[in-house]
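Worksheet for the structure shown next.
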Amino acid sequence: SGPLAPTPRTRHPMQADGGGRVRRRPRRIFVTVGTTSFDALVGAVSDPRFLGPMGRPEFGGYGSITVQYGRGEAPPYGEEGDGIEGAMERSAYRFRPTLRPDMEGADLILSHAGAGSIMEGLELCARSLPEKEAGKDRTRRKRLVVVTNASLMGGHQSELAEALGERGHLLVVTDPADLVQEEVLRRIEDFVPVPFRGGDGGRDFAALVDGHFGF
């Protein structure tokens with residue numbers, strides 16, 4: 001595994017500026033590939049055709065992106081490196097003991113289709129804002145977008161992600177290359193997730209897994 005980097009503190013989305021006025025913190029994107037590698041996803045989210053639009057207000061106006069790239073190739077701006085693509089702050093790391101602070105601090109999570117990452121992402125999305133408030137301002141609700149990796153999974157995790165996508169809990173992108181298309185980025189910005197209520201111990205999630213695998 002790679003070196004461990006300090007995990008940044010999660011800040012409240014509303015912050016006071018020097019004059020005491022309350023302002024929103026820049027919106028954040030977090031990308032995770034888990035413990036393996038997913039170079040196609042890392043490459044897509046490092047592409048100016050992704051970073052440029054995502055920094056514009058009509059696509060969410062994101063101000064930073066953090067990429068956890070696992071055992072794969074580091075993004076173009078370097079291992080454990082920081083950089084700037086226009087107004088988008090960028091950072092990357094290989095592994096950390098836990099990804100939860102980064103997932104909690106993100107407004108948009110782009111994840112591989114591992115069941116553990118999906119379940120944690122859904123939990124955080126459901127907790128991000130009460131449903132009755134979230135409907136008034138969709139930009140305030142955390143979103144989970146699952147990007148499937150057909151070359152790695154053999155299809156089972158893809159089926160699970162698609163089943164959750166059909167229920168409106170997350171958005172599925174079946175090809176990382178699609179992330180450089182503005183039509184897909186518009187779908188991501190317009191997506192309003194249905195909160196996933198997994199119950200005690202994630203029983204709903206377990207039932208969905210059992211149904212797909214015939215247990």
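Chain labels run A, B, ... following the order of the structure tokens; each chain numbers its residues from 1, and ligands are numbered from 1 in the order shown.
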
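Here the DSSP assignment of helix (DSSP H, G or I), based on backbone atoms, applies within region 34-107 of chain A to Asp39, Ala40, Leu41, Val42, Gly43, Ala44, Val45, Pro48, Arg49, Phe50, Leu51, Gly52, Pro53, Met54, Pro57, Glu58, Phe59, Arg100, Pro101, Asp102, Met103, Glu104 and Gly105 of chain A.
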
Can you list, as a ChimeraX atom specification, every protein, DNA or RNA residue that comes within 9 Å of Ala115 (chain A) when you count only C-alpha atoms, leaving out same-chain residues fewer than 4 positions away?
/A:119-120,157,160-161

One number please: CA of Gly52 (chain A) to CA of Ile118 (chain A), in Å, one decimal.
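Going from CA of Gly52 (chain A) over to CA of Ile118 (chain A) covers 26.5 Å.
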
Close residues, Arg49 (chain A) itself excluded, 12 Å, only C-alpha atoms, min 3 positions apart in chain, as a PyMOL selection string:
chain A and resi 43-46+52-56+85-86+177-185

Give me a file of those residues, with N, CA, C and O atoms, as an mmCIF file, in the first residue's frame.
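Contents of part-v7.cif, freshly written:
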```cif
data_model
loop_
_atom_site.group_PDB
_atom_site.id
_atom_site.type_symbol
_atom_site.label_atom_id
_atom_site.label_comp_id
_atom_site.auth_asym_id
_atom_site.auth_seq_id
_atom_site.Cartn_x
_atom_site.Cartn_y
_atom_site.Cartn_z
ATOM 1 N N GLY A 43 -8.648 8.337 -14.783
ATOM 2 C CA GLY A 43 -8.350 9.136 -15.960
ATOM 3 C C GLY A 43 -9.494 10.036 -16.370
ATOM 4 O O GLY A 43 -9.289 11.201 -16.742
ATOM 5 N N ALA A 44 -10.725 9.513 -16.279
ATOM 6 C CA ALA A 44 -11.887 10.311 -16.685
ATOM 7 C C ALA A 44 -12.082 11.527 -15.790
ATOM 8 O O ALA A 44 -12.358 12.630 -16.267
ATOM 9 N N VAL A 45 -11.930 11.348 -14.463
ATOM 10 C CA VAL A 45 -12.162 12.477 -13.556
ATOM 11 C C VAL A 45 -10.982 13.441 -13.514
ATOM 12 O O VAL A 45 -11.064 14.499 -12.896
ATOM 13 N N SER A 46 -9.878 13.075 -14.183
ATOM 14 C CA SER A 46 -8.731 13.975 -14.301
ATOM 15 C C SER A 46 -8.734 14.726 -15.630
ATOM 16 O O SER A 46 -7.885 15.589 -15.848
ATOM 17 N N GLY A 52 -13.490 20.830 -16.137
ATOM 18 C CA GLY A 52 -13.934 22.152 -16.566
ATOM 19 C C GLY A 52 -15.426 22.374 -16.344
ATOM 20 O O GLY A 52 -15.831 23.298 -15.632
ATOM 21 N N PRO A 53 -16.286 21.506 -16.929
ATOM 22 C CA PRO A 53 -17.727 21.679 -16.715
ATOM 23 C C PRO A 53 -18.146 21.586 -15.253
ATOM 24 O O PRO A 53 -19.001 22.342 -14.797
ATOM 25 N N MET A 54 -17.547 20.661 -14.488
ATOM 26 C CA MET A 54 -17.989 20.482 -13.104
ATOM 27 C C MET A 54 -17.693 21.698 -12.232
ATOM 28 O O MET A 54 -18.280 21.853 -11.163
ATOM 29 N N GLY A 55 -16.788 22.551 -12.664
ATOM 30 C CA GLY A 55 -16.530 23.782 -11.931
ATOM 31 C C GLY A 55 -17.482 24.904 -12.274
ATOM 32 O O GLY A 55 -17.479 25.946 -11.611
ATOM 33 N N ARG A 56 -18.331 24.697 -13.300
ATOM 34 C CA ARG A 56 -19.263 25.749 -13.719
ATOM 35 C C ARG A 56 -20.579 25.626 -12.966
ATOM 36 O O ARG A 56 -21.013 24.521 -12.632
ATOM 37 N N GLU A 85 -6.847 22.932 -11.573
ATOM 38 C CA GLU A 85 -7.346 22.899 -12.945
ATOM 39 C C GLU A 85 -8.400 23.996 -13.016
ATOM 40 O O GLU A 85 -9.535 23.824 -12.599
ATOM 41 N N GLY A 86 -7.977 25.178 -13.481
ATOM 42 C CA GLY A 86 -8.869 26.322 -13.441
ATOM 43 C C GLY A 86 -9.169 26.656 -11.991
ATOM 44 O O GLY A 86 -8.264 26.865 -11.188
ATOM 45 N N ALA A 177 -15.697 6.558 -19.516
ATOM 46 C CA ALA A 177 -15.496 7.529 -20.589
ATOM 47 C C ALA A 177 -16.697 8.455 -20.751
ATOM 48 O O ALA A 177 -16.565 9.570 -21.266
ATOM 49 N N ASP A 178 -17.874 8.012 -20.289
ATOM 50 C CA ASP A 178 -19.068 8.856 -20.401
ATOM 51 C C ASP A 178 -18.990 10.091 -19.515
ATOM 52 O O ASP A 178 -19.749 11.049 -19.712
ATOM 53 N N LEU A 179 -18.096 10.072 -18.523
ATOM 54 C CA LEU A 179 -17.996 11.198 -17.592
ATOM 55 C C LEU A 179 -17.429 12.459 -18.242
ATOM 56 O O LEU A 179 -17.434 13.519 -17.621
ATOM 57 N N VAL A 180 -16.935 12.361 -19.451
ATOM 58 C CA VAL A 180 -16.449 13.565 -20.143
ATOM 59 C C VAL A 180 -17.514 14.124 -21.079
ATOM 60 O O VAL A 180 -17.257 15.089 -21.805
ATOM 61 N N GLN A 181 -18.709 13.545 -21.056
ATOM 62 C CA GLN A 181 -19.804 14.029 -21.889
ATOM 63 C C GLN A 181 -20.717 14.935 -21.060
ATOM 64 O O GLN A 181 -21.187 14.546 -19.991
ATOM 65 N N GLU A 182 -20.968 16.123 -21.563
ATOM 66 C CA GLU A 182 -21.768 17.083 -20.796
ATOM 67 C C GLU A 182 -23.180 16.581 -20.551
ATOM 68 O O GLU A 182 -23.794 16.917 -19.537
ATOM 69 N N GLU A 183 -23.713 15.759 -21.436
ATOM 70 C CA GLU A 183 -25.051 15.204 -21.231
ATOM 71 C C GLU A 183 -25.091 14.356 -19.966
ATOM 72 O O GLU A 183 -26.060 14.401 -19.190
ATOM 73 N N VAL A 184 -24.037 13.574 -19.743
ATOM 74 C CA VAL A 184 -23.968 12.737 -18.543
ATOM 75 C C VAL A 184 -23.756 13.597 -17.303
ATOM 76 O O VAL A 184 -24.358 13.361 -16.253
ATOM 77 N N LEU A 185 -22.922 14.619 -17.411
ATOM 78 C CA LEU A 185 -22.700 15.512 -16.273
ATOM 79 C C LEU A 185 -23.981 16.252 -15.903
ATOM 80 O O LEU A 185 -24.236 16.518 -14.729
#
```

Please determine, counting only C-alpha atoms, which residue among A:Ala74, A:Ala163, A:Ala106, A:Leu99 has the shortest atom-to-atom distance to Arg25 (chain A).
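Ranking A:Ala74, A:Ala163, A:Ala106, A:Leu99 by distance to Arg25 (chain A), first place goes to A:Ala106.
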
Taking only C-alpha atoms into account, which of A:Met88, A:Ile188, A:Cys125, A:Val172 comes nearest Pro48 (chain A)?
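Looking only at the distances to Pro48 (chain A), the closest residue turns out to be A:Met88.
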
Compare A:Leu51, A:Ala92, A:Val173, A:Val194 by their minimum atom-to-atom distance to Leu122 (chain A), counting only C-alpha atoms, and give me the closest one.
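Nearest to Leu122 (chain A): A:Val194.
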
Mind pulling up the distance from CA of Pro193 (chain A) to CA of Gly34 (chain A)?
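The value is 22.5 Å.
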
Please identify the strand (DSSP E or B) residues within region 35-124 of chain A (assignment by DSSP from backbone atoms) and present them as a list of chain:residue names.
A:Tyr62, A:Gly63, A:Ser64, A:Ile65, A:Thr66, A:Val67, A:Gln68, A:Asp82, A:Gly83, A:Ile84, A:Glu85, A:Met88, A:Glu89, A:Arg90, A:Ser91, A:Ala92, A:Tyr93, A:Phe95, A:Leu108, A:Ile109, A:Leu110, A:Ser111

With only C-alpha atoms as the atoms that count, which of A:Val192, A:Leu108, A:Ala113, A:Leu144 lies nearest to Gly61 (chain A)?
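Residue with the minimum atom-to-atom distance to Gly61 (chain A): A:Leu108.
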
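Going from CA of Ser111 (chain A) to CA of Ala150 (chain A) covers 13.9 Å.
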
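Shortest separation to Pro176 (chain A) among A:Val42, A:Val33, A:Ile109, A:Val67 occurs at residue A:Val42, atoms counted being only C-alpha atoms.
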
Selection: 7 Å around Arg28 (chain A), only C-alpha atoms, excl. self and same-chain fewer than 4 positions, as a short mmCIF file (atom, residue, chain, number, x, y, z; two decimals) with N, CA and C atoms, in the first residue's frame:
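Once everything was written out, this is selection.cif:
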```
data_model
loop_
_atom_site.label_atom_id
_atom_site.label_comp_id
_atom_site.auth_asym_id
_atom_site.auth_seq_id
_atom_site.Cartn_x
_atom_site.Cartn_y
_atom_site.Cartn_z
N TYR A 62 -18.54 22.93 -8.57
CA TYR A 62 -17.67 22.29 -7.58
C TYR A 62 -16.33 23.01 -7.51
N GLY A 63 -15.80 23.10 -6.30
CA GLY A 63 -14.55 23.82 -6.09
C GLY A 63 -13.36 22.95 -5.81
N SER A 64 -13.59 21.65 -5.52
CA SER A 64 -12.46 20.77 -5.23
C SER A 64 -12.81 19.33 -5.57
N ILE A 65 -11.77 18.56 -5.86
CA ILE A 65 -11.93 17.13 -6.11
C ILE A 65 -10.78 16.39 -5.43
N ALA A 106 -17.90 15.21 1.23
CA ALA A 106 -18.18 15.40 -0.19
C ALA A 106 -19.66 15.69 -0.44
N ASP A 107 -19.90 16.49 -1.45
CA ASP A 107 -21.27 16.71 -1.93
C ASP A 107 -21.64 15.71 -3.02
N LEU A 108 -20.62 15.24 -3.72
CA LEU A 108 -20.80 14.24 -4.78
C LEU A 108 -19.74 13.16 -4.59
#
```

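Residue nearest Asn149 (chain A), chosen from A:Pro75, A:Gly114, A:Gly105, A:Pro57 and counting only C-alpha atoms: A:Gly114.
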